[in-house]
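Have a look at the structure below before the remarks.
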Amino acid sequence: MIIPQTPLMVVLLVVLAPLFGALLCGIDRRITARAQGRIGPPILQAVYDTIKLLRKEPMLLNRVQIVYAYLHLAFMILAMLLLVFGQDSLMFLFVFAFSTLSLVLGGMCVRSPYSRIGSQREIMLMVAYEPILILLMIGFYLVNGHSFMLSAPMTAAKPMLLSLPLLFIGFLVVLAIKMQKSPFDIATSHHAHQEIVKGLTIEYSGPYLAILEIAHFYEMALLFFFIVLFWSSPAWVGIILASLSFFLMTVVDNAFARLTSMWIFKFMWTGALILAVTNVLWLYWASK
Amino acid sequence: MTDVPKFNKSPWVVHFNCNSCNGCDIEFLACLTPLYDLERFGILHVGNPKHADVLVVTGSVNHRNARVLKNVYDQIPEPKVVVAMGVCASTGGIFADGYNVLGGVDKVIPVDVFVPGCPARPEAMIDGVLKGAQILEAKHSGKTPLAEKNVLTRTPTPVATPVAQEKGAPHA
Amino acid sequence: MQIQEALIALLVLGPLVFGLLMLTGVKGVLRNALVAVAGVTTIAAGVALPFYSGVIVPDVGLPTLITTLGNWIEPMVILTVLAIGFSIRSWPVRIMALIQLGLCVIGLLMSRHEPLEETKLVVDSLAMIMVLIVSVIGSLIALYAIGYMNGHEHHAPATAASNNRFFFVLISFLGLMNGLVLVDNMKWLSIFWEGTTLCSFFLIGHDGTAEAKASARRAITINVFGGLAMSVGVFLAAHSVGSESLSVLMSKGPVVLLPIALLAIATMTKSAQMPFQSWLLGAMVAPTPVSALLHSSTMVKAGSYLILRMSPGLEGTPLAAVVAIAGAFTFALTSALAIGQSNGKKVLAYSTIANLGLISCCAAIGTPLAYAAGITILIFHAISKALLFLCVGTIEQSIGSRDIEDMGGLLFKMPLTTNIAIVGMISMMMPPFGMLIGKWMAIESAVHFPVVLILLVLGSALTIFFWAKWLGRITTTSYHEKYTIESISPWMRTVLAVIGIGVVVASICALPIYEQVIRPVSLLTFSEQASNINISILDSVSAFLGWPMIIVIGAIIMALATGALLFKPSRLRLPYLCGENVDSDETTYTFRSIADAPSTAMLTSYYLPLFGESRITTWANPLAALIILSLFGVLFI
Ligand code: SF4
């Protein structure tokens, strides 16, 4: 499963990935609704929402905000391309982190208490999950014959999942955080709207909110693709795996209540981290 | 696919309780439940005006909350519609003669849809929001002129403008 | 070769001469001019040096006169330390100075009979990189100091020493650093080493307040301890290897572990690794140019430079693992400590220590990639940190606070400094700036050392936290139609702008710098590993830096950012405060509370008590000391 680095491919990815992400979000909302005994919105609802936002009047608090919104999107697209084209895994992670960081900074740069609270919580989340992701990349490195390139897991004969089961569990938790699912949706989410009034995205409206939404769609597509890496040959198993993971997230979302950021930090740096470290150390031991 | 999806496919609602007896509010929240399921129309209940398209107001306007209502209204990006939910929001309802009451929401901000009832029934409410959503599209395409902003039909008692605290306060 | 020797003399002796001129008591414009001339000549000489030496330069011999001179200067330096020990009534300093004096005398008596090898200078690429950092950044800081000290004079405490003495020490410092970098003879190395200790003592104590005195005392105690470790190391080396040359010692590698371990400890004290970090934190009481100088280009970088020099010697010894773990431990823990701080300078200090830890960790890992990572961090950290310290100093002088929480709205009040500070912060953490590339290479090179790796991973996650908090606070602003023009001294403004542009240019040139300078140095140093697989990773660094996508995305960002500037004030709204905003320029956190009284929301960033200073240091310092002591433990394995 190697994707050629051609300009055409870049264009295709940039155009199709957000649609795919939007579809994932739509399905997610539909499943949630069905789980609650509702009919739920149309599958393309996320697309309608975004188009509507794009057509609304832009409204802002200062100039800096806009720059951060664009940076968030640009870094997210870059991260997705780095991933899909199998570039260096750590650099992919850094770019991915800076995308989220731009979002955080965009929330912090305005004088709005809600937005700032949301941003602070988002940084806590980032610090909580970042080590797991880096360790995951180290795991890939150790399994794939000492290569940091993401193209290695794409071509690996043996599925990554079999060598990295604990890291995969850790990654699922990260997935829940990135998808803004309970119990981790403390910084912003469609559900947390009453608590900190939408947290770090509150001061973005109209087209700028649409930019954040589109970046989120890219993020969804990126995460989906990332799960496929765990079982890339044959790729269809990976796709099923990814779909199941996303379904699991929806179930978890509906089954849990929100928790505090400090709890999440401690949970990630003990439970999840121990899983990840155990897996990595085991790989070291196995390779000796 | 005919053309660009209309505003009426995803009206996001912010709910503002002016001076309600909470009867209307409870009915409005009932719309979110599986029985009525607002979301199937793409309607989302958002918590702040900056993300909203439709302002749903319950309860009558009084001297103290008129300013707040207008502030929330101003923070909704164009195009936007206002739905007055229940008779209180429409005319002042049973509180109309209160010493502090200005009257319906239309005394402070332009209203697009009036939903009668005390409280209004959830079906009527959903209907009202969807009507509002249609007006949104019309407003965006310029078929309905945008309401003139800041029109007060009756002036609320002026409140003293508070002086901002000492300039350049450190945590500003 | 003539020009090269002249340049070296200018780099080492020039600043000392200019410094001495300061002591003649020149005042006002004349003094400023003198400092400016000293700075500019040092910059010129530093920049010229690489041109007159080719890529790799053979060692340059020194006249025997200078060699014998060293025999006399060393006791003099130690006597100065001893005198300070008496004047500040510190027994540890006195005792350590006496031991050093004893070693020095014994060394002199013993060497009478056996002729020592010729004193040598080493002018290779690493040394030239360091000379460039010291002379360019150090001199720029000196130029900045002209403006800063004029302002400082007015509100400095009455106890402060004269500005002339300040500039004397500041400028001589540069000469001593250049000397330290260029010598290969360890006797001279320890002379310069002690010299920088003395300079930092005087600079930190400049204000003469009780706090300044205490900090200066702590600085000299810890650094003299390092100096002592070095003297003992040099003494042992001279008598076990029979040479005072550092490169000879390093080439002997595994045979002479004890001196190497002692030198490693000396580098740790100098670069303020845990548990020696307290002196660098105390150094913040000094005027801003001093902390900028100590943290970015001189003093602490002496430690990093020496450990990088020692890298080939450490490689393959059991010491390497310990040094690497100590460095990684410092990186992780000081990054955590930085989270708990709201004092901007302290955050910078901890981040400096963390990066120095990373450098010594890289040096100890000892692969071409790690070595390249170490040098990358050394270069880019020096530029960015100098810039950040100068910015914080400027901000502090103008708003009277160095607390991060007070820095909101600065984008409007002091746009130039704040924008430059933002560039500095971004350069510490974002792609494609050099620091991130360095950290990236560091993690990739640590991949075969699980303990080091996990510490680095945790540390780099924590790093994001404190930078993001600060960056978020400093970019916080309300909308203003016009920007104000801030009034700061032209010296300061120029230097800030120059370094700011330097940071941007350096990051644009990250690829050429890496290709032309860092990669060859590292391949040359570790030539025996040249066939190793690590080379392929070195190549992948180049591949990434050249990845055209970066440029494309960069262009998009630029285009969009320009679009962002086409901003209509009619789209402006106040933040959402449940409809209760009080409309005012300055305080948009203000809302109407009970009875319409205005009330201001208070919101600070997270400064998690979990990462409080006292809470972490109580267990981390002993643990770090234990790690360092195990340096001696591994000698017996
Ligand atoms: S209309 Fe009736 S139910 Fe609604 S707020 Fe008024 S009194 Fe209450």
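The way I read the labels, and the way they are meant: chains A, B, ... in the order of the structure tokens, residue 1 as the first residue of every chain, and ligand 1 as the first ligand shown, with later ones counted on from there.
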
List every residue of range 2-91 of chain B that has an atom at most 7 Å from any atom of range 56-59 of chain A, giving for each one its closest atom pair and the distance in Å to one decimal, counting only C-alpha atoms, sorted by chain and then by ascending residue number, as CSV.
```
residue,atom,partner,partner_atom,distance
B:Pro77,CA,A:Glu57,CA,5.4
B:Glu78,CA,A:Glu57,CA,5.2
B:Pro79,CA,A:Lys56,CA,6.6
```

Which residues are near Ala79 in chain A? Cut-off 12 Å, only C-alpha atoms, ignore same chain within fewer than 5 positions. Put them as a compact mmCIF listing (two decimals) with C-alpha atoms, in the first residue's frame.
```txt
# COMPACT_ATOMS: atom_id res chain seq x y z
CA LEU A 13 -6.13 13.96 -1.18
CA VAL A 14 -6.64 17.60 -0.35
CA LEU A 71 -2.16 27.79 10.47
CA HIS A 72 -4.28 25.11 12.10
CA LEU A 73 -5.67 24.06 8.75
CA ALA A 74 -2.39 24.32 6.86
CA VAL A 84 -0.12 9.41 3.51
CA PHE A 85 3.15 9.78 1.63
CA GLY A 86 4.99 7.78 4.28
CA GLN A 87 7.39 10.49 5.41
CA ASP A 88 9.32 10.57 8.69
CA SER A 89 7.03 9.60 11.52
CA LEU A 90 8.37 11.95 14.19
CA MET A 91 8.21 14.91 11.85
CA PHE A 92 4.64 13.93 11.08
CA LEU A 93 3.89 13.96 14.80
CA PHE A 94 5.47 17.35 15.31
CA VAL A 95 3.52 18.87 12.45
CA PHE A 96 0.35 17.27 13.74
CA ALA A 97 1.05 18.66 17.21
CA PHE A 98 1.59 22.15 15.83
CA SER A 99 -1.68 22.03 14.09
CA THR A 100 -3.43 21.41 17.40
CA LEU A 150 5.97 5.87 7.78
CA ALA A 215 -9.42 20.95 9.71
CA TYR A 218 -8.91 16.32 7.75
CA GLU A 219 -8.00 15.17 11.23
CA ALA A 221 -9.46 11.23 7.80
CA LEU A 222 -5.89 11.28 9.06
CA LEU A 223 -6.74 9.28 12.17
CA PHE A 225 -5.75 6.32 7.80
CA PHE A 226 -3.47 5.97 10.77
CA PRO C 431 8.86 23.48 12.28
CA MET C 549 5.82 20.50 0.41
CA ILE C 550 7.16 22.66 3.20
CA ILE C 553 2.57 25.12 2.55
```

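Using only C-alpha atoms, the contacts of range 89-94 of chain C at a cut-off of 10 Å, with sequence neighbours closer than 3 positions omitted, comprise Leu79, Val81, Leu82, Ala83, Ile84, Gly85, Phe86, Ala97, Leu98, Ile99, Gln100, Arg217, Arg218, Ile220, Thr221, Ile222, Asn223, Val224, Phe225 and Leu228 of chain C.
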
Store the residues picked out above, limited to N, CA, C and O atoms, as a PDB file, in the first residue's frame.
```pdb
ATOM      1  N   LEU C  79      44.468  32.378  42.808  1.00  0.00           N
ATOM      2  CA  LEU C  79      44.589  33.295  43.946  1.00  0.00           C
ATOM      3  C   LEU C  79      43.424  34.280  43.964  1.00  0.00           C
ATOM      4  O   LEU C  79      42.913  34.631  45.026  1.00  0.00           O
ATOM      5  N   VAL C  81      40.433  33.683  42.896  1.00  0.00           N
ATOM      6  CA  VAL C  81      39.296  32.926  43.429  1.00  0.00           C
ATOM      7  C   VAL C  81      39.406  32.844  44.948  1.00  0.00           C
ATOM      8  O   VAL C  81      38.425  33.048  45.679  1.00  0.00           O
ATOM      9  N   LEU C  82      40.627  32.559  45.413  1.00  0.00           N
ATOM     10  CA  LEU C  82      40.846  32.447  46.856  1.00  0.00           C
ATOM     11  C   LEU C  82      40.491  33.758  47.547  1.00  0.00           C
ATOM     12  O   LEU C  82      39.812  33.785  48.587  1.00  0.00           O
ATOM     13  N   ALA C  83      40.930  34.861  46.947  1.00  0.00           N
ATOM     14  CA  ALA C  83      40.637  36.174  47.520  1.00  0.00           C
ATOM     15  C   ALA C  83      39.132  36.391  47.608  1.00  0.00           C
ATOM     16  O   ALA C  83      38.614  36.884  48.624  1.00  0.00           O
ATOM     17  N   ILE C  84      38.439  35.983  46.566  1.00  0.00           N
ATOM     18  CA  ILE C  84      36.976  36.119  46.596  1.00  0.00           C
ATOM     19  C   ILE C  84      36.420  35.251  47.706  1.00  0.00           C
ATOM     20  O   ILE C  84      35.537  35.659  48.456  1.00  0.00           O
ATOM     21  N   GLY C  85      36.963  34.054  47.825  1.00  0.00           N
ATOM     22  CA  GLY C  85      36.534  33.167  48.900  1.00  0.00           C
ATOM     23  C   GLY C  85      36.641  33.857  50.241  1.00  0.00           C
ATOM     24  O   GLY C  85      35.768  33.713  51.102  1.00  0.00           O
ATOM     25  N   PHE C  86      37.720  34.629  50.422  1.00  0.00           N
ATOM     26  CA  PHE C  86      37.867  35.343  51.695  1.00  0.00           C
ATOM     27  C   PHE C  86      36.894  36.506  51.785  1.00  0.00           C
ATOM     28  O   PHE C  86      36.303  36.750  52.833  1.00  0.00           O
ATOM     29  N   ALA C  97      39.634  26.415  46.408  1.00  0.00           N
ATOM     30  CA  ALA C  97      40.693  27.191  45.764  1.00  0.00           C
ATOM     31  C   ALA C  97      42.050  26.733  46.275  1.00  0.00           C
ATOM     32  O   ALA C  97      43.015  26.614  45.501  1.00  0.00           O
ATOM     33  N   LEU C  98      42.143  26.448  47.570  1.00  0.00           N
ATOM     34  CA  LEU C  98      43.428  26.005  48.112  1.00  0.00           C
ATOM     35  C   LEU C  98      43.856  24.672  47.503  1.00  0.00           C
ATOM     36  O   LEU C  98      45.029  24.487  47.170  1.00  0.00           O
ATOM     37  N   ILE C  99      42.886  23.764  47.353  1.00  0.00           N
ATOM     38  CA  ILE C  99      43.236  22.474  46.740  1.00  0.00           C
ATOM     39  C   ILE C  99      43.759  22.695  45.324  1.00  0.00           C
ATOM     40  O   ILE C  99      44.784  22.148  44.915  1.00  0.00           O
ATOM     41  N   GLN C 100      43.049  23.579  44.599  1.00  0.00           N
ATOM     42  CA  GLN C 100      43.480  23.861  43.228  1.00  0.00           C
ATOM     43  C   GLN C 100      44.885  24.439  43.208  1.00  0.00           C
ATOM     44  O   GLN C 100      45.713  24.076  42.375  1.00  0.00           O
ATOM     45  N   ARG C 217      27.318  34.339  45.062  1.00  0.00           N
ATOM     46  CA  ARG C 217      28.025  33.406  45.931  1.00  0.00           C
ATOM     47  C   ARG C 217      27.722  31.966  45.520  1.00  0.00           C
ATOM     48  O   ARG C 217      28.619  31.122  45.407  1.00  0.00           O
ATOM     49  N   ARG C 218      26.428  31.719  45.235  1.00  0.00           N
ATOM     50  CA  ARG C 218      26.065  30.362  44.831  1.00  0.00           C
ATOM     51  C   ARG C 218      26.741  30.024  43.506  1.00  0.00           C
ATOM     52  O   ARG C 218      27.276  28.925  43.321  1.00  0.00           O
ATOM     53  N   ILE C 220      29.524  31.150  42.265  1.00  0.00           N
ATOM     54  CA  ILE C 220      30.965  30.873  42.322  1.00  0.00           C
ATOM     55  C   ILE C 220      31.227  29.572  43.063  1.00  0.00           C
ATOM     56  O   ILE C 220      32.117  28.803  42.681  1.00  0.00           O
ATOM     57  N   THR C 221      30.406  29.263  44.065  1.00  0.00           N
ATOM     58  CA  THR C 221      30.639  28.017  44.787  1.00  0.00           C
ATOM     59  C   THR C 221      30.498  26.830  43.853  1.00  0.00           C
ATOM     60  O   THR C 221      31.370  25.955  43.789  1.00  0.00           O
ATOM     61  N   ILE C 222      29.393  26.810  43.116  1.00  0.00           N
ATOM     62  CA  ILE C 222      29.147  25.650  42.250  1.00  0.00           C
ATOM     63  C   ILE C 222      30.174  25.579  41.125  1.00  0.00           C
ATOM     64  O   ILE C 222      30.708  24.518  40.808  1.00  0.00           O
ATOM     65  N   ASN C 223      30.513  26.752  40.565  1.00  0.00           N
ATOM     66  CA  ASN C 223      31.437  26.719  39.437  1.00  0.00           C
ATOM     67  C   ASN C 223      32.866  26.443  39.857  1.00  0.00           C
ATOM     68  O   ASN C 223      33.622  25.837  39.101  1.00  0.00           O
ATOM     69  N   VAL C 224      33.230  26.881  41.065  1.00  0.00           N
ATOM     70  CA  VAL C 224      34.570  26.545  41.520  1.00  0.00           C
ATOM     71  C   VAL C 224      34.659  25.051  41.797  1.00  0.00           C
ATOM     72  O   VAL C 224      35.678  24.415  41.558  1.00  0.00           O
ATOM     73  N   PHE C 225      33.527  24.491  42.226  1.00  0.00           N
ATOM     74  CA  PHE C 225      33.503  23.033  42.382  1.00  0.00           C
ATOM     75  C   PHE C 225      33.781  22.364  41.032  1.00  0.00           C
ATOM     76  O   PHE C 225      34.592  21.442  40.941  1.00  0.00           O
ATOM     77  N   LEU C 228      37.317  22.811  40.192  1.00  0.00           N
ATOM     78  CA  LEU C 228      38.162  21.882  40.945  1.00  0.00           C
ATOM     79  C   LEU C 228      38.159  20.511  40.276  1.00  0.00           C
ATOM     80  O   LEU C 228      39.222  19.901  40.085  1.00  0.00           O
TER      81      LEU C 228
END
```

### Task
Select the residues contacting ligand 1 at a distance of at most 8 Å, based on only C-alpha atoms and all ligand atoms, then format the selection as a PyMOL selection string.
chain B and resi 19-25+58-60+85-89+92-95+116-120

Export of the given selection (C-alpha atoms) as a short mmCIF file (atom, residue, chain, number, x, y, z; two decimals), in the first residue's frame:
```
data_model
loop_
_atom_site.label_atom_id
_atom_site.label_comp_id
_atom_site.auth_asym_id
_atom_site.auth_seq_id
_atom_site.Cartn_x
_atom_site.Cartn_y
_atom_site.Cartn_z
CA ASN B 19 -37.97 36.43 31.83
CA SER B 20 -39.70 33.17 31.30
CA CYS B 21 -41.62 31.15 33.84
CA ASN B 22 -39.53 28.21 32.55
CA GLY B 23 -42.58 26.56 31.07
CA CYS B 24 -41.48 27.39 27.53
CA ASP B 25 -37.86 26.47 28.28
CA THR B 58 -38.62 32.69 25.73
CA GLY B 59 -40.25 35.02 28.21
CA SER B 60 -41.06 38.72 28.15
CA MET B 85 -41.30 31.38 21.68
CA GLY B 86 -44.59 31.51 23.58
CA VAL B 87 -46.96 34.36 24.26
CA CYS B 88 -44.66 36.01 26.78
CA ALA B 89 -41.97 36.46 24.18
CA GLY B 92 -45.49 40.02 27.19
CA GLY B 93 -48.17 37.45 27.91
CA ILE B 94 -49.47 37.26 31.43
CA PHE B 95 -46.60 39.45 32.61
CA PRO B 116 -48.00 31.23 20.11
CA GLY B 117 -48.89 29.08 23.10
CA CYS B 118 -48.46 29.15 26.83
CA PRO B 119 -46.28 27.19 26.75
CA ALA B 120 -45.85 26.66 23.04
#
```

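Of the residues under consideration (A:Met9, A:Leu54, A:Leu78, A:Met126), A:Leu54 shows the shortest atom-to-atom contact distance to chain B when counting only C-alpha atoms.
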
Can you write out as a tab-separated table which residues of chain C fall within 12 Å of chain B, alongside each residue's closest atom pair and its distance in Å to one decimal, counting only C-alpha atoms and ordering rows by chain and ascending residue number?
```
residue	atom	partner	partner_atom	distance
C:Ile399	CA	B:Pro170	CA	10.0
C:Gly400	CA	B:Pro170	CA	11.2
C:Ser401	CA	B:Pro170	CA	10.0
C:Arg402	CA	B:Pro170	CA	11.9
C:Asp403	CA	B:Pro170	CA	10.0
C:Ile404	CA	B:His171	CA	10.4
C:Glu405	CA	B:His171	CA	6.8
C:Asp406	CA	B:Pro170	CA	5.3
C:Met407	CA	B:Pro170	CA	8.0
C:Gly408	CA	B:Ala172	CA	7.0
C:Gly409	CA	B:Ala172	CA	7.8
C:Leu410	CA	B:Gly168	CA	10.5
C:Phe412	CA	B:Gly168	CA	11.5
C:Lys413	CA	B:Gly168	CA	10.1
C:Arg473	CA	B:His171	CA	10.2
C:Ile474	CA	B:His171	CA	11.9
C:Thr476	CA	B:Ala172	CA	9.5
C:Thr477	CA	B:Ala172	CA	9.2
C:Ser478	CA	B:Ala172	CA	9.6
C:Ser570	CA	B:Pro77	CA	11.6
C:Arg571	CA	B:Pro77	CA	8.9
C:Leu572	CA	B:Gln75	CA	9.6
C:Arg573	CA	B:Gln75	CA	6.6
C:Leu574	CA	B:Gln75	CA	7.8
C:Pro575	CA	B:Gln75	CA	8.5
C:Tyr576	CA	B:Asn48	CA	7.4
C:Leu577	CA	B:Val72	CA	9.1
C:Cys578	CA	B:Val72	CA	7.3
C:Gly579	CA	B:Val68	CA	4.8
C:Glu580	CA	B:Val68	CA	6.0
C:Asn581	CA	B:Asn71	CA	7.9
C:Val582	CA	B:Ala164	CA	7.3
C:Asp583	CA	B:Ala164	CA	8.1
C:Ser584	CA	B:Ala164	CA	6.5
C:Asp585	CA	B:Ala164	CA	8.9
C:Glu586	CA	B:Gly168	CA	6.0
C:Thr587	CA	B:Ala172	CA	4.9
C:Thr588	CA	B:Ala172	CA	6.9
C:Tyr589	CA	B:Ala172	CA	6.2
C:Thr590	CA	B:Ala164	CA	7.2
C:Phe591	CA	B:Ala164	CA	9.2
C:Arg592	CA	B:Pro162	CA	7.9
C:Ser593	CA	B:Pro162	CA	10.3
C:Ile594	CA	B:Arg64	CA	11.4
C:Ala595	CA	B:Val159	CA	9.7
C:Asp596	CA	B:Pro162	CA	7.1
C:Ala597	CA	B:Pro162	CA	6.4
C:Pro598	CA	B:Pro162	CA	6.0
C:Ser599	CA	B:Gln165	CA	8.0
C:Thr600	CA	B:Ala172	CA	7.9
C:Ala601	CA	B:Ala172	CA	8.3
C:Met602	CA	B:His171	CA	6.5
C:Leu603	CA	B:His171	CA	7.3
C:Thr604	CA	B:His171	CA	8.0
C:Ser605	CA	B:His171	CA	11.0
```

### Message
Quick check: residues of chain A within 7 Å of chain C, only C-alpha atoms, returned as a PyMOL selection string.
### Response
chain A and resi 58-63+66-67+70-71+74+90+98+105+108-113+120+123+127+130-131+134+203

For chain A, list the residues within 10 Å of chain B, counting only C-alpha atoms, and write the list as a tab-separated table (two decimals) with N, CA and C atoms, in the first residue's frame.
```tsv
chain	number	residue	atom	x	y	z
A	29	ARG	N	-22.67	10.95	14.01
A	29	ARG	CA	-23.84	11.60	14.59
A	29	ARG	C	-25.08	10.74	14.39
A	30	ARG	N	-25.14	10.08	13.25
A	30	ARG	CA	-26.29	9.22	12.98
A	30	ARG	C	-26.33	8.05	13.96
A	33	ALA	N	-27.38	9.13	17.34
A	33	ALA	CA	-28.81	9.37	17.39
A	33	ALA	C	-29.58	8.06	17.50
A	34	ARG	N	-29.17	7.08	16.69
A	34	ARG	CA	-29.86	5.79	16.73
A	34	ARG	C	-29.71	5.14	18.08
A	36	GLN	N	-29.57	6.56	20.80
A	36	GLN	CA	-30.43	7.23	21.76
A	36	GLN	C	-31.90	7.12	21.36
A	37	GLY	N	-32.18	6.33	20.33
A	37	GLY	CA	-33.56	6.16	19.91
A	37	GLY	C	-34.08	7.33	19.10
A	38	ARG	N	-33.18	8.10	18.50
A	38	ARG	CA	-33.62	9.20	17.64
A	38	ARG	C	-33.38	8.84	16.19
A	39	ILE	N	-33.90	9.66	15.30
A	39	ILE	CA	-33.65	9.40	13.89
A	39	ILE	C	-32.29	9.96	13.48
A	40	GLY	N	-32.00	11.17	13.93
A	40	GLY	CA	-30.69	11.74	13.66
A	40	GLY	C	-30.65	12.50	12.35
A	41	PRO	N	-29.60	13.26	12.16
A	41	PRO	CA	-29.47	14.12	10.99
A	41	PRO	C	-29.08	13.31	9.76
A	42	PRO	N	-29.18	13.89	8.58
A	42	PRO	CA	-28.71	13.21	7.37
A	42	PRO	C	-27.21	12.94	7.46
A	44	LEU	N	-24.95	13.55	5.40
A	44	LEU	CA	-24.14	14.66	4.90
A	44	LEU	C	-24.29	15.92	5.74
A	45	GLN	N	-24.90	15.78	6.92
A	45	GLN	CA	-25.16	16.96	7.74
A	45	GLN	C	-23.91	17.81	7.97
A	46	ALA	N	-22.76	17.14	8.22
A	46	ALA	CA	-21.54	17.89	8.50
A	46	ALA	C	-21.18	18.78	7.31
A	47	VAL	N	-21.45	18.26	6.09
A	47	VAL	CA	-21.15	19.06	4.89
A	47	VAL	C	-22.08	20.28	4.84
A	48	TYR	N	-23.37	20.04	5.10
A	48	TYR	CA	-24.31	21.16	5.09
A	48	TYR	C	-23.89	22.22	6.09
A	49	ASP	N	-23.55	21.75	7.29
A	49	ASP	CA	-23.15	22.70	8.34
A	49	ASP	C	-21.98	23.56	7.87
A	50	THR	N	-20.98	22.89	7.30
A	50	THR	CA	-19.78	23.62	6.90
A	50	THR	C	-20.10	24.64	5.81
A	51	ILE	N	-20.91	24.20	4.83
A	51	ILE	CA	-21.22	25.14	3.75
A	51	ILE	C	-22.00	26.33	4.30
A	52	LYS	N	-22.90	26.03	5.22
A	52	LYS	CA	-23.65	27.13	5.83
A	52	LYS	C	-22.69	28.11	6.54
A	53	LEU	N	-21.76	27.54	7.31
A	53	LEU	CA	-20.82	28.40	8.05
A	53	LEU	C	-20.02	29.26	7.09
A	55	ARG	N	-20.93	30.45	4.40
A	55	ARG	CA	-21.73	31.52	3.80
A	55	ARG	C	-22.10	32.59	4.80
A	56	LYS	N	-21.74	32.38	6.05
A	56	LYS	CA	-22.14	33.38	7.04
A	56	LYS	C	-21.16	34.55	7.12
A	57	GLU	N	-21.59	35.56	7.85
A	57	GLU	CA	-20.76	36.75	8.00
A	57	GLU	C	-19.59	36.45	8.93
A	58	PRO	N	-18.36	36.81	8.55
A	58	PRO	CA	-17.25	36.60	9.47
A	58	PRO	C	-17.30	37.59	10.63
A	59	MET	N	-16.96	37.13	11.80
A	59	MET	CA	-17.02	37.99	12.98
A	59	MET	C	-15.82	37.66	13.85
A	60	LEU	N	-15.13	38.67	14.33
A	60	LEU	CA	-13.86	38.38	14.97
A	60	LEU	C	-13.59	39.26	16.17
A	111	ARG	N	-9.45	37.76	24.23
A	111	ARG	CA	-9.74	38.01	25.64
A	111	ARG	C	-11.12	37.47	25.98
A	112	SER	N	-11.23	36.16	25.95
A	112	SER	CA	-12.51	35.56	26.28
A	112	SER	C	-12.26	34.45	27.29
A	190	HIS	N	-19.22	19.09	20.47
A	190	HIS	CA	-20.58	19.49	20.20
A	190	HIS	C	-21.46	19.26	21.41
A	191	HIS	N	-20.99	18.41	22.33
A	191	HIS	CA	-21.83	18.12	23.49
A	191	HIS	C	-21.54	19.06	24.64
A	192	ALA	N	-20.33	19.57	24.71
A	192	ALA	CA	-19.95	20.37	25.87
A	192	ALA	C	-20.42	21.80	25.72
A	193	HIS	N	-21.44	22.02	24.93
A	193	HIS	CA	-21.75	23.40	24.61
A	193	HIS	C	-22.31	24.20	25.77
A	194	GLN	N	-22.86	23.53	26.76
A	194	GLN	CA	-23.42	24.32	27.85
A	194	GLN	C	-22.41	24.56	28.95
A	195	GLU	N	-21.38	23.73	29.00
A	195	GLU	CA	-20.51	23.77	30.16
A	195	GLU	C	-19.50	24.91	30.07
A	196	ILE	N	-18.68	24.91	29.07
A	196	ILE	CA	-17.81	26.07	28.88
A	196	ILE	C	-18.14	26.70	27.54
A	197	VAL	N	-19.41	26.68	27.21
A	197	VAL	CA	-19.93	27.26	25.97
A	197	VAL	C	-18.99	27.04	24.78
A	198	LYS	N	-18.71	25.78	24.47
A	198	LYS	CA	-17.95	25.42	23.27
A	198	LYS	C	-16.45	25.68	23.41
A	201	THR	N	-13.30	27.02	20.74
A	201	THR	CA	-13.71	27.53	19.43
A	201	THR	C	-14.75	28.63	19.55
A	202	ILE	N	-15.10	29.02	20.77
A	202	ILE	CA	-16.25	29.91	20.92
A	202	ILE	C	-16.11	31.22	20.16
A	203	GLU	N	-14.92	31.79	20.12
A	203	GLU	CA	-14.80	33.10	19.50
A	203	GLU	C	-14.58	33.05	17.99
A	204	TYR	N	-14.61	31.86	17.43
A	204	TYR	CA	-14.58	31.75	15.97
A	204	TYR	C	-16.01	31.62	15.49
A	205	SER	N	-16.37	32.37	14.45
A	205	SER	CA	-17.72	32.17	13.96
A	205	SER	C	-17.71	32.25	12.44
A	206	GLY	N	-18.79	31.83	11.84
A	206	GLY	CA	-18.92	31.87	10.39
A	206	GLY	C	-17.81	31.13	9.70
A	209	LEU	N	-15.03	29.50	11.72
A	209	LEU	CA	-15.43	28.26	12.37
A	209	LEU	C	-15.43	27.14	11.34
```

### Task
List every residue of range 29-101 of chain B that DSSP, applied to the backbone, labels as strand (DSSP E), and write the result as a PyMOL selection string.
chain B and resi 44-45+54-58+61-62+81-85+101

### Close residues, range 230-242 of chain A itself excluded, 9 Å, only C-alpha atoms, min 2 positions apart in chain, as a PyMOL selection string
chain A and resi 1+153-162+164+168+223-228+244-247
